[in-house]
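*Asks:* Can you keep this structure in mind? I'll have questions shortly.
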Amino acid sequence: MHPSPSVIIFTALSGLGFGLLVFLGLKMPDVTGVLAFIFFVIGFGLAVGGLISSTFHLGRPERSLKAFKQWRSSWLSREAIAAVFTLSVMAVYAIGRIFFDYDIRILGVVGAIMSIVTVFTTSMIYAQLKSIPRWNTKLTPAYFLSLSLAGGALLAGQITFCLLLLLISGIIQLLVWIKGDRALALSGTTIESGTGLGTIGRVRAFEPPHTGTNYLLKEFVHIVGRKHSAKLRIIALILMIGTPILLLSLSFSHFLAALSVISHISGLFISRWLFFAEAEHVVGLYYGKR
Amino acid sequence: MTTLPEKTERKLGLVIDLDTCVGCHACVISCKGWNTENYGSPLADVDAYGENPVGTFLNRVHSYEVTPDEGTSQLVHFPKSCLHCEDAPCVTVCPTGASYKRSEDGIVLVNESDCIGCGLCAWACPYGAREMDGIEKVMKKCTLCVDRIYNENLEPEDQIPSCVRTCPAGARHFGDFNDPDSQVNKLVLERGGMDLMPEQQTKPVNKYLPPRPKDTLGEIDILAPLLKPVAEKPDTFIGWLNKQLDKI
């Protein structure tokens with residue numbers, strides 16, 4: 001898949017933002033006034049910023065309001081609704097915490113649960129796609145949710161939770177890569193099944209339909225970046241998981257925490273880039289590519 | 001509505017004969033022509049006369065080399081367009097309802113004025129049947145020439161999809177798969193029509209007919225040119241004439 005910056009930024013930042021909102025909704029940390037304001041600004045900034053970034057991916061962003069209609073069948077529609085609902089609930093909750101030192105518990109809890117639901121709906125946009133075997137697994141929601149919560153805990157300064165969640169995220173990330181590398185082969189979709197010519201013999205793409213490129217090749221066949229995937233995986237794991245665990249285990253200081261956040265987010269962007277760049281769409285098989 | 005109809009009254013689609021297709025790309029061109037000049041926004045060509053032209057097409061012809069375990073390879077031309085699947089994954093993912101499958105005839109269409117160009121339907125399609133238009137930024141796909149097949153202003157023989165009408169080899173057939181007596185159903189039965197990527201569980205309506213086994217010449221005696229002519233005593237008119245002329 002083409003690793004489009006708008007989608008990478010969207011999934012990474014909104015994941016972090018909603019992760020932070022989970023902890024804020026559960027009063028971890030229990031903050032009010034200016035401190036609460038800062039925390040909520042970061043949470044909303046990341047979540048909303050991510051969502052705005054996602055609209056850059058649209059061909060016709062001016063029509064984006066239409067995307068709220070088809071929640072019965074579409075995960076993208078469900079995500080849009082879940083996100084707006086969560087942000088609205090959280091906004092009321094945040095106003096109470098910041099300006100009135102008042103805790104509307106039910107809104108905090110509902111907001112926290114809905115933040116998790118929102119990240120889940122995001123992950124299902126990818127996990128539902130049979131056409132991309134690497135994503136078509138329960139590991140995809142696990143990957144999005146664990147990293148969202150780990151990042152949220154990190155931003156919320158919940159060190160114990162953060163260490164635990166980072167460890168879980170690291171394990172899930174490894175599983176995502178190990179299982180993902182075999183997903184296309186295990187899916188049973190091949191150029192033979194795609195052409196129906198497997199009963200005659202081995203099939204090889206002889207001539208593409210056109211001499212130039214096309215939308216399908218640009219969007220679905222991304223080969224260049226995969227060359228460095230092994231190196232990038234190690235760098236992602238070190239930055240996203242290893243460094244924050246190490247720094248947070250040393251001792252707590254705001255400097256080390258800030259360093260952990262920067263390291264984690266950098267690693268997260270690499271991990272998310274790999275999530276898209278390494279995903280093979282089966283349409284590539286028709287072009288003799290993957 | 002992006003939920004799929006449980007059943008469609010008619011099931012319109014194509015049968016594509018991989019045995020007959022000569023790979024001339026006439027269907028590609030006629031499709032591009034018809035669908036640029038008629039229903040919906042035109043199919044864009046970006047940088048058409050420049051160094052890197054990229055166009056939107058609803059139908060493309062691949063060519064594959066197929067090599068059996070024994071014997072020689074063969075070349076198979078392979079036209080590919082929307083298969084109008086019964087379980088169309090492109091429809092259910094659409095957040096706006098722009099993508100839909102018609103309950104009356106099963107055609108999968110895009111309402112372009114509702115399309116936000118998110119591209120998710122193209123991601124969901126395993127066949128690469130949908131392409132984002134390079135200029136209009138909305139999703140384009142085969143309409144089964146919905147503006148021809150019901151168009152009574154056209155001659156009856158023209159009320160079929162443009163690709164089918166154009167194919168000089170007769171490799172494309174259009175019809176209703178719900179009608180057991182339709183030509184397309186007969187072809188599928190007789191020739192073993194197949195689904196593409198059945199494991200993707202999309203239940204494609206369009207079917208592909210596999211290439212027939214190649215002819216073989218049988219044993220050839222290398223001494224054949226040296227053998228006597230088979231018809232030693234011709235008994236045809238020529239033989240009679242030959243005899244009469246000999247007598248003179």
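FYI, nothing fancy with the structure tokens labels: chains A, B, ... in order, residues from 1 per chain, ligands from 1 as they appear.
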As an MDAnalysis selection string, could you give me every residue of chain B near chain A (at most 8 Å apart, counting only C-alpha atoms)?
*Replies:* chainID B and resid 1:3 52:56 60:69 78 92:97 114:119 123:128 131:132 137:138 194:200 208 210
*Asks:* Assign secondary structure with DSSP using the backbone only, and return the residues of region 22-166 of chain B in strand (DSSP E or B) as JSON, numbers by chain.
*Replies:* {"B": [45, 46, 54, 55, 59, 60, 61, 62, 63, 64, 65, 66, 67, 74, 75, 76, 77, 78, 79, 80, 81, 99, 100, 101, 108, 109, 110, 131, 132, 139, 140]}
*Asks:* Using DSSP secondary structure from the backbone, list all alpha helix (DSSP H) positions within region 1-222 of chain B, as a ChimeraX atom specification.
*Replies:* /B:26-37,89-92,120-124,146-149,162-166,183-191
*Asks:* Please save N, CA, C and O atoms of the selected residues as a short mmCIF file (atom, residue, chain, number, x, y, z; two decimals), in the first residue's frame.
*Replies:*
data_model
loop_
_atom_site.label_atom_id
_atom_site.label_comp_id
_atom_site.auth_asym_id
_atom_site.auth_seq_id
_atom_site.Cartn_x
_atom_site.Cartn_y
_atom_site.Cartn_z
N ALA B 26 -9.60 -3.52 -28.04
CA ALA B 26 -10.69 -2.72 -28.59
C ALA B 26 -11.73 -2.42 -27.51
O ALA B 26 -12.30 -1.33 -27.46
N CYS B 27 -11.98 -3.38 -26.61
CA CYS B 27 -12.96 -3.17 -25.53
C CYS B 27 -12.51 -2.06 -24.60
O CYS B 27 -13.32 -1.29 -24.08
N VAL B 28 -11.18 -1.96 -24.40
CA VAL B 28 -10.63 -0.93 -23.52
C VAL B 28 -10.93 0.45 -24.11
O VAL B 28 -11.38 1.36 -23.42
N ILE B 29 -10.68 0.56 -25.40
CA ILE B 29 -10.83 1.85 -26.07
C ILE B 29 -12.31 2.24 -26.17
O ILE B 29 -12.69 3.38 -25.92
N SER B 30 -13.17 1.26 -26.53
CA SER B 30 -14.58 1.61 -26.68
C SER B 30 -15.18 1.97 -25.33
O SER B 30 -16.03 2.86 -25.22
N CYS B 31 -14.72 1.28 -24.28
CA CYS B 31 -15.19 1.58 -22.92
C CYS B 31 -14.78 3.00 -22.54
O CYS B 31 -15.58 3.79 -22.04
N LYS B 32 -13.51 3.30 -22.78
CA LYS B 32 -13.01 4.63 -22.44
C LYS B 32 -13.79 5.70 -23.22
O LYS B 32 -14.16 6.73 -22.66
N GLY B 33 -14.03 5.43 -24.49
CA GLY B 33 -14.75 6.39 -25.33
C GLY B 33 -16.17 6.61 -24.84
O GLY B 33 -16.57 7.73 -24.55
N TRP B 34 -16.91 5.52 -24.68
CA TRP B 34 -18.32 5.65 -24.29
C TRP B 34 -18.43 6.34 -22.93
O TRP B 34 -19.24 7.24 -22.73
N ASN B 35 -17.63 5.89 -21.99
CA ASN B 35 -17.78 6.39 -20.62
C ASN B 35 -17.15 7.76 -20.40
O ASN B 35 -17.32 8.35 -19.33
N THR B 36 -16.40 8.23 -21.37
CA THR B 36 -15.91 9.59 -21.29
C THR B 36 -16.96 10.56 -21.84
O THR B 36 -17.11 11.66 -21.35
N GLU B 37 -17.71 10.09 -22.84
CA GLU B 37 -18.65 10.99 -23.52
C GLU B 37 -20.05 10.93 -22.92
O GLU B 37 -20.89 11.74 -23.27
N PRO B 89 -17.49 -6.18 -1.58
CA PRO B 89 -16.90 -5.52 -0.41
C PRO B 89 -16.74 -4.01 -0.61
O PRO B 89 -16.69 -3.26 0.36
N CYS B 90 -16.71 -3.58 -1.87
CA CYS B 90 -16.55 -2.15 -2.15
C CYS B 90 -17.77 -1.35 -1.72
O CYS B 90 -17.68 -0.17 -1.40
N VAL B 91 -18.93 -2.00 -1.71
CA VAL B 91 -20.17 -1.30 -1.39
C VAL B 91 -20.31 -1.09 0.12
O VAL B 91 -20.59 0.01 0.59
N THR B 92 -20.06 -2.16 0.89
CA THR B 92 -20.31 -2.07 2.33
C THR B 92 -19.34 -1.13 3.04
O THR B 92 -19.67 -0.60 4.09
N LEU B 120 -11.57 4.11 -0.11
CA LEU B 120 -11.67 2.86 0.64
C LEU B 120 -12.28 1.73 -0.18
O LEU B 120 -11.92 0.57 -0.03
N CYS B 121 -13.22 2.07 -1.09
CA CYS B 121 -13.84 1.02 -1.92
C CYS B 121 -12.81 0.39 -2.84
O CYS B 121 -12.83 -0.82 -3.07
N ALA B 122 -11.88 1.21 -3.34
CA ALA B 122 -10.84 0.66 -4.21
C ALA B 122 -9.89 -0.22 -3.39
O ALA B 122 -9.38 -1.22 -3.88
N TRP B 123 -9.68 0.14 -2.11
CA TRP B 123 -8.86 -0.69 -1.23
C TRP B 123 -9.54 -2.03 -1.01
O TRP B 123 -8.89 -3.06 -0.93
N ALA B 124 -10.88 -2.00 -0.89
CA ALA B 124 -11.61 -3.22 -0.55
C ALA B 124 -11.75 -4.17 -1.73
O ALA B 124 -11.94 -5.36 -1.54
N VAL B 146 -24.87 1.18 -18.06
CA VAL B 146 -26.26 1.31 -17.65
C VAL B 146 -27.00 2.34 -18.52
O VAL B 146 -28.22 2.28 -18.67
N ASP B 147 -26.23 3.24 -19.14
CA ASP B 147 -26.83 4.24 -20.02
C ASP B 147 -26.96 3.75 -21.46
O ASP B 147 -27.36 4.50 -22.34
N ARG B 148 -26.60 2.52 -21.72
CA ARG B 148 -26.83 1.91 -23.05
C ARG B 148 -27.90 0.83 -22.97
O ARG B 148 -28.79 0.77 -23.82
N ILE B 149 -27.77 -0.03 -21.91
CA ILE B 149 -28.59 -1.24 -21.91
C ILE B 149 -30.07 -0.94 -21.73
O ILE B 149 -30.91 -1.75 -22.11
N SER B 162 -20.78 -1.36 -24.13
CA SER B 162 -19.93 -0.94 -25.23
C SER B 162 -18.83 -1.96 -25.54
O SER B 162 -18.53 -2.24 -26.70
N CYS B 163 -18.25 -2.55 -24.50
CA CYS B 163 -17.16 -3.51 -24.70
C CYS B 163 -17.65 -4.75 -25.44
O CYS B 163 -16.95 -5.30 -26.30
N VAL B 164 -18.88 -5.18 -25.10
CA VAL B 164 -19.45 -6.38 -25.73
C VAL B 164 -19.76 -6.08 -27.19
O VAL B 164 -19.47 -6.88 -28.09
N ARG B 165 -20.34 -4.88 -27.42
CA ARG B 165 -20.71 -4.49 -28.78
C ARG B 165 -19.49 -4.39 -29.67
O ARG B 165 -19.55 -4.67 -30.86
N THR B 166 -18.38 -3.98 -29.09
CA THR B 166 -17.18 -3.71 -29.87
C THR B 166 -16.35 -4.95 -30.16
O THR B 166 -15.74 -5.04 -31.22
N GLN B 183 -28.18 -16.87 -22.61
CA GLN B 183 -26.98 -17.29 -23.33
C GLN B 183 -25.77 -17.36 -22.38
O GLN B 183 -24.95 -18.27 -22.47
N VAL B 184 -25.70 -16.38 -21.46
CA VAL B 184 -24.54 -16.36 -20.57
C VAL B 184 -24.53 -17.59 -19.66
O VAL B 184 -23.48 -18.18 -19.41
N ASN B 185 -25.71 -17.98 -19.17
CA ASN B 185 -25.76 -19.16 -18.31
C ASN B 185 -25.40 -20.43 -19.07
O ASN B 185 -24.72 -21.31 -18.54
N LYS B 186 -25.86 -20.51 -20.32
CA LYS B 186 -25.53 -21.69 -21.14
C LYS B 186 -24.02 -21.78 -21.36
O LYS B 186 -23.43 -22.86 -21.25
N LEU B 187 -23.42 -20.62 -21.65
CA LEU B 187 -21.98 -20.60 -21.87
C LEU B 187 -21.23 -21.07 -20.62
O LEU B 187 -20.29 -21.85 -20.70
N VAL B 188 -21.68 -20.57 -19.47
CA VAL B 188 -21.01 -20.92 -18.22
C VAL B 188 -21.11 -22.43 -17.97
O VAL B 188 -20.13 -23.08 -17.58
N LEU B 189 -22.31 -22.99 -18.25
CA LEU B 189 -22.50 -24.43 -18.04
C LEU B 189 -21.64 -25.24 -19.00
O LEU B 189 -20.94 -26.17 -18.61
N GLU B 190 -21.72 -24.86 -20.29
CA GLU B 190 -21.03 -25.66 -21.31
C GLU B 190 -19.52 -25.58 -21.19
O GLU B 190 -18.82 -26.57 -21.40
N ARG B 191 -19.03 -24.41 -20.86
CA ARG B 191 -17.58 -24.19 -20.93
C ARG B 191 -16.91 -24.16 -19.57
O ARG B 191 -15.71 -23.87 -19.47
#
*Asks:* Which value, in Å to one decimal, gives the distance between CA of Ile234 (chain A) and CA of Leu174 (chain A)?
*Replies:*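 If I compute the distance from CA of Ile234 (chain A) to CA of Leu174 (chain A), I get 10.2 Å.
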*Asks:* So, counting only C-alpha atoms, which residue among B:Ile248, B:Leu209, B:Cys167, B:Leu43 is closest to Gly23 (chain B)?
*Replies:*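 Closest residue, counting only C-alpha atoms: B:Cys167.
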*Asks:* Please provide as a list in words all residues within 10 Å of Glu6 (chain B), with the sequence filter that same-chain residues fewer than 2 positions apart are discarded (counting only C-alpha atoms).
*Replies:*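 These residues fall inside the cut-off: Thr3, Leu4, Thr8, Glu86, Asp87 and Ser103 of chain B.
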*Asks:* May I have the residues from that selection written out with C-alpha atoms, as a compact mmCIF listing (two decimals), in the first residue's frame?
*Replies:*
# COMPACT_ATOMS: atom_id res chain seq x y z
CA THR B 3 -25.94 -2.58 2.77
CA LEU B 4 -26.20 -5.16 0.00
CA THR B 8 -31.52 -9.00 -7.04
CA GLU B 86 -23.00 -10.34 -5.14
CA ASP B 87 -21.06 -9.78 -1.91
CA SER B 103 -31.66 -4.51 -6.27
*Asks:* Considering only C-alpha atoms, return as a list in words whatever protein or nucleic-acid residues lie within 8 Å of region 257-272 of chain A, sequence-local ones (same chain, fewer than 4 positions apart) excluded.
*Replies:* Ile8, Ile9, Thr11, Ala12, Gly151, Leu154, Leu155, Gly157, Leu232, Arg233, Ile235, Ala236, Leu237, Ile238, Leu239, Met240, Ile241, Thr243, Pro244, Leu247, Leu248, Phe252, Ser253 and Phe276 of chain A
*Asks:* Taking C-alpha atoms for each residue, export the selection above as a PDB file, in the first residue's frame.
*Replies:*
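The new file part.pdb reads:
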ATOM      1  CA  ILE A   8       0.022   7.816   8.840  1.00  0.00           C
ATOM      2  CA  ILE A   9      -0.272  11.110  10.711  1.00  0.00           C
ATOM      3  CA  THR A  11      -3.807   7.092  12.679  1.00  0.00           C
ATOM      4  CA  ALA A  12      -0.736   7.837  14.817  1.00  0.00           C
ATOM      5  CA  GLY A 151       0.993   6.297  24.167  1.00  0.00           C
ATOM      6  CA  LEU A 154       2.894   7.912  28.482  1.00  0.00           C
ATOM      7  CA  LEU A 155       1.357  11.319  27.773  1.00  0.00           C
ATOM      8  CA  GLY A 157       2.334  10.308  32.982  1.00  0.00           C
ATOM      9  CA  LEU A 232      13.266   0.026  10.060  1.00  0.00           C
ATOM     10  CA  ARG A 233      11.562  -2.589  12.209  1.00  0.00           C
ATOM     11  CA  ILE A 235      14.682   1.171  14.723  1.00  0.00           C
ATOM     12  CA  ALA A 236      10.912   1.382  15.309  1.00  0.00           C
ATOM     13  CA  LEU A 237      11.050  -1.120  18.146  1.00  0.00           C
ATOM     14  CA  ILE A 238      13.987   0.618  19.831  1.00  0.00           C
ATOM     15  CA  LEU A 239      12.449   4.103  19.579  1.00  0.00           C
ATOM     16  CA  MET A 240       8.828   3.197  20.206  1.00  0.00           C
ATOM     17  CA  ILE A 241       9.214   0.579  22.943  1.00  0.00           C
ATOM     18  CA  THR A 243      13.952   3.626  24.782  1.00  0.00           C
ATOM     19  CA  PRO A 244      10.810   4.745  26.680  1.00  0.00           C
ATOM     20  CA  LEU A 247      14.199   5.910  30.356  1.00  0.00           C
ATOM     21  CA  LEU A 248      11.062   5.525  32.452  1.00  0.00           C
ATOM     22  CA  PHE A 252      11.165   9.922  36.903  1.00  0.00           C
ATOM     23  CA  SER A 253      11.954  13.400  35.706  1.00  0.00           C
ATOM     24  CA  PHE A 276       1.105   0.741   5.246  1.00  0.00           C
TER      25      PHE A 276
END
*Asks:* Provide the CA of Arg172 (chain B) to CA of Leu14 (chain B) distance in Å, to one decimal place.
*Replies:*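 These atoms are spaced 6.7 Å apart.
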*Asks:* Do you know which residues are at most 8 Å from region 142-148 of chain A counting only C-alpha atoms, after dropping those on the same chain fewer than 6 positions away, and could you put them as number ranges by chain?
*Replies:* A: 15-19, 116, 119-120, 123, 165-166, 168-169, 172-173, 176
*Asks:* Write out, as a compact mmCIF listing (two decimals), in the first residue's frame, the residues just selected, with all heavy atoms.
*Replies:*
# COMPACT_ATOMS: atom_id res chain seq x y z
N GLY A 15 -4.68 8.24 17.44
CA GLY A 15 -4.51 7.14 18.38
C GLY A 15 -3.96 7.64 19.71
O GLY A 15 -4.47 7.31 20.78
N LEU A 16 -2.90 8.46 19.64
CA LEU A 16 -2.30 9.02 20.86
C LEU A 16 -3.31 9.90 21.59
O LEU A 16 -3.43 9.82 22.82
CB LEU A 16 -1.08 9.88 20.49
CG LEU A 16 0.20 9.15 20.11
CD1 LEU A 16 1.22 10.15 19.58
CD2 LEU A 16 0.77 8.39 21.30
N GLY A 17 -4.00 10.75 20.84
CA GLY A 17 -4.94 11.69 21.45
C GLY A 17 -6.06 10.96 22.19
O GLY A 17 -6.33 11.25 23.35
N PHE A 18 -6.68 9.99 21.50
CA PHE A 18 -7.77 9.26 22.16
C PHE A 18 -7.23 8.41 23.31
O PHE A 18 -7.92 8.23 24.32
CB PHE A 18 -8.54 8.40 21.14
CG PHE A 18 -9.47 9.20 20.28
CD1 PHE A 18 -9.25 9.37 18.93
CD2 PHE A 18 -10.58 9.82 20.85
CE1 PHE A 18 -10.10 10.13 18.14
CE2 PHE A 18 -11.44 10.58 20.07
CZ PHE A 18 -11.20 10.74 18.71
N GLY A 19 -5.99 7.92 23.17
CA GLY A 19 -5.36 7.18 24.28
C GLY A 19 -5.23 8.06 25.52
O GLY A 19 -5.53 7.65 26.64
N ILE A 116 -11.78 4.44 23.45
CA ILE A 116 -11.27 3.12 23.06
C ILE A 116 -12.07 2.61 21.85
O ILE A 116 -11.49 2.10 20.88
CB ILE A 116 -11.39 2.12 24.24
CG1 ILE A 116 -10.45 2.57 25.36
CG2 ILE A 116 -11.07 0.70 23.80
CD1 ILE A 116 -10.56 1.76 26.63
N VAL A 119 -10.84 4.26 18.62
CA VAL A 119 -9.60 3.68 18.10
C VAL A 119 -9.89 2.31 17.48
O VAL A 119 -9.33 1.95 16.43
CB VAL A 119 -8.53 3.58 19.21
CG1 VAL A 119 -7.28 2.89 18.68
CG2 VAL A 119 -8.19 4.96 19.74
N PHE A 120 -10.80 1.57 18.12
CA PHE A 120 -11.17 0.25 17.57
C PHE A 120 -11.79 0.40 16.18
O PHE A 120 -11.44 -0.34 15.25
CB PHE A 120 -12.14 -0.45 18.52
CG PHE A 120 -12.65 -1.76 18.00
CD1 PHE A 120 -11.82 -2.87 17.94
CD2 PHE A 120 -13.96 -1.88 17.56
CE1 PHE A 120 -12.29 -4.08 17.44
CE2 PHE A 120 -14.44 -3.08 17.06
CZ PHE A 120 -13.60 -4.18 17.00
N SER A 123 -9.18 0.98 13.64
CA SER A 123 -8.42 -0.22 13.29
C SER A 123 -9.24 -1.14 12.40
O SER A 123 -8.69 -1.81 11.52
CB SER A 123 -8.00 -0.96 14.56
OG SER A 123 -9.13 -1.53 15.20
N LEU A 165 1.91 -1.41 29.34
CA LEU A 165 1.29 -1.32 28.01
C LEU A 165 2.33 -1.28 26.90
O LEU A 165 2.11 -1.83 25.81
CB LEU A 165 0.39 -0.08 27.94
CG LEU A 165 -0.92 -0.19 28.72
CD1 LEU A 165 -1.55 1.18 28.94
CD2 LEU A 165 -1.90 -1.11 27.98
N LEU A 166 3.48 -0.65 27.17
CA LEU A 166 4.55 -0.63 26.17
C LEU A 166 5.04 -2.05 25.91
O LEU A 166 5.29 -2.44 24.76
CB LEU A 166 5.71 0.25 26.63
CG LEU A 166 5.55 1.76 26.43
CD1 LEU A 166 6.72 2.50 27.06
CD2 LEU A 166 5.43 2.12 24.96
N ILE A 168 3.34 -4.84 26.33
CA ILE A 168 2.30 -5.54 25.57
C ILE A 168 2.34 -5.10 24.10
O ILE A 168 2.30 -5.92 23.18
CB ILE A 168 0.91 -5.28 26.19
CG1 ILE A 168 0.83 -5.89 27.59
CG2 ILE A 168 -0.20 -5.84 25.30
CD1 ILE A 168 -0.41 -5.50 28.37
N SER A 169 2.45 -3.78 23.88
CA SER A 169 2.49 -3.26 22.50
C SER A 169 3.66 -3.84 21.74
O SER A 169 3.53 -4.18 20.55
CB SER A 169 2.64 -1.73 22.50
OG SER A 169 1.67 -1.14 23.27
N ILE A 172 2.84 -7.39 20.74
CA ILE A 172 1.86 -7.40 19.65
C ILE A 172 2.50 -6.94 18.34
O ILE A 172 2.28 -7.52 17.29
CB ILE A 172 0.63 -6.53 20.01
CG1 ILE A 172 -0.14 -7.21 21.14
CG2 ILE A 172 -0.27 -6.32 18.80
CD1 ILE A 172 -1.27 -6.39 21.71
N GLN A 173 3.35 -5.90 18.43
CA GLN A 173 4.02 -5.42 17.23
C GLN A 173 4.86 -6.53 16.59
O GLN A 173 4.84 -6.71 15.36
CB GLN A 173 4.91 -4.22 17.59
CG GLN A 173 5.79 -3.73 16.47
CD GLN A 173 5.01 -3.04 15.35
OE1 GLN A 173 4.75 -1.86 15.38
NE2 GLN A 173 4.62 -3.83 14.35
N VAL A 176 2.56 -8.92 14.92
CA VAL A 176 2.04 -8.32 13.69
C VAL A 176 3.03 -8.54 12.55
O VAL A 176 2.64 -8.91 11.44
CB VAL A 176 1.77 -6.81 13.90
CG1 VAL A 176 1.66 -6.08 12.57
CG2 VAL A 176 0.52 -6.60 14.72
*Asks:* Name all residues at most 9 Å from region 24-34 of chain A (count only C-alpha atoms; drop same-chain ones fewer than 2 positions away) and give them as a VMD selection string.
*Replies:* chain A and resid 19 to 22 36 to 40 43 90 93 to 94 96 to 102 105 107 to 113 153 156 to 158
*Asks:* Could you name the residues that touch Phe177 (chain B) at 8 Å or less, counting only C-alpha atoms, but leaving out those on the same chain fewer than 6 positions away, as a list in words?
*Replies:* Arg10, Lys11, Leu12, Gly13, Val184, Asn185 and Val205 of chain B
*Asks:* Residues as selected, N, CA, C and O atoms, written as a PDB file, in the first residue's frame, can you do that?
*Replies:*
ATOM      1  N   ARG B  10     -32.861  -9.209 -11.323  1.00  0.00           N
ATOM      2  CA  ARG B  10     -32.056  -9.742 -12.413  1.00  0.00           C
ATOM      3  C   ARG B  10     -30.607  -9.699 -11.967  1.00  0.00           C
ATOM      4  O   ARG B  10     -30.257  -8.999 -11.020  1.00  0.00           O
ATOM      5  N   LYS B  11     -29.774 -10.464 -12.616  1.00  0.00           N
ATOM      6  CA  LYS B  11     -28.367 -10.511 -12.251  1.00  0.00           C
ATOM      7  C   LYS B  11     -27.576 -10.290 -13.525  1.00  0.00           C
ATOM      8  O   LYS B  11     -27.134 -11.230 -14.165  1.00  0.00           O
ATOM      9  N   LEU B  12     -27.435  -9.023 -13.885  1.00  0.00           N
ATOM     10  CA  LEU B  12     -26.775  -8.707 -15.148  1.00  0.00           C
ATOM     11  C   LEU B  12     -25.267  -8.765 -14.988  1.00  0.00           C
ATOM     12  O   LEU B  12     -24.718  -8.351 -13.975  1.00  0.00           O
ATOM     13  N   GLY B  13     -24.623  -9.282 -16.003  1.00  0.00           N
ATOM     14  CA  GLY B  13     -23.166  -9.353 -15.958  1.00  0.00           C
ATOM     15  C   GLY B  13     -22.594  -9.833 -17.273  1.00  0.00           C
ATOM     16  O   GLY B  13     -23.316  -9.985 -18.269  1.00  0.00           O
ATOM     17  N   VAL B 184     -25.700 -16.383 -21.462  1.00  0.00           N
ATOM     18  CA  VAL B 184     -24.537 -16.359 -20.572  1.00  0.00           C
ATOM     19  C   VAL B 184     -24.526 -17.587 -19.658  1.00  0.00           C
ATOM     20  O   VAL B 184     -23.477 -18.180 -19.410  1.00  0.00           O
ATOM     21  N   ASN B 185     -25.714 -17.982 -19.174  1.00  0.00           N
ATOM     22  CA  ASN B 185     -25.762 -19.163 -18.309  1.00  0.00           C
ATOM     23  C   ASN B 185     -25.398 -20.430 -19.065  1.00  0.00           C
ATOM     24  O   ASN B 185     -24.721 -21.313 -18.543  1.00  0.00           O
ATOM     25  N   VAL B 205     -20.306 -11.850 -10.135  1.00  0.00           N
ATOM     26  CA  VAL B 205     -21.349 -12.200 -11.108  1.00  0.00           C
ATOM     27  C   VAL B 205     -20.692 -12.543 -12.447  1.00  0.00           C
ATOM     28  O   VAL B 205     -21.009 -13.551 -13.068  1.00  0.00           O
TER      29      VAL B 205
END
*Asks:* Just to confirm, what's the straight-line distance from CA of Ala169 (chain B) to CA of Val76 (chain B) in Å (one decimal)?
*Replies:* 14.1 Å
*Asks:* Considering only C-alpha atoms, can you say which of A:Arg226, A:Lys289, A:Lys218, A:Lys231 comes closest to Phe275 (chain A)?
*Replies:*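 With only C-alpha atoms as the atom set, the closest residue is A:Arg226.
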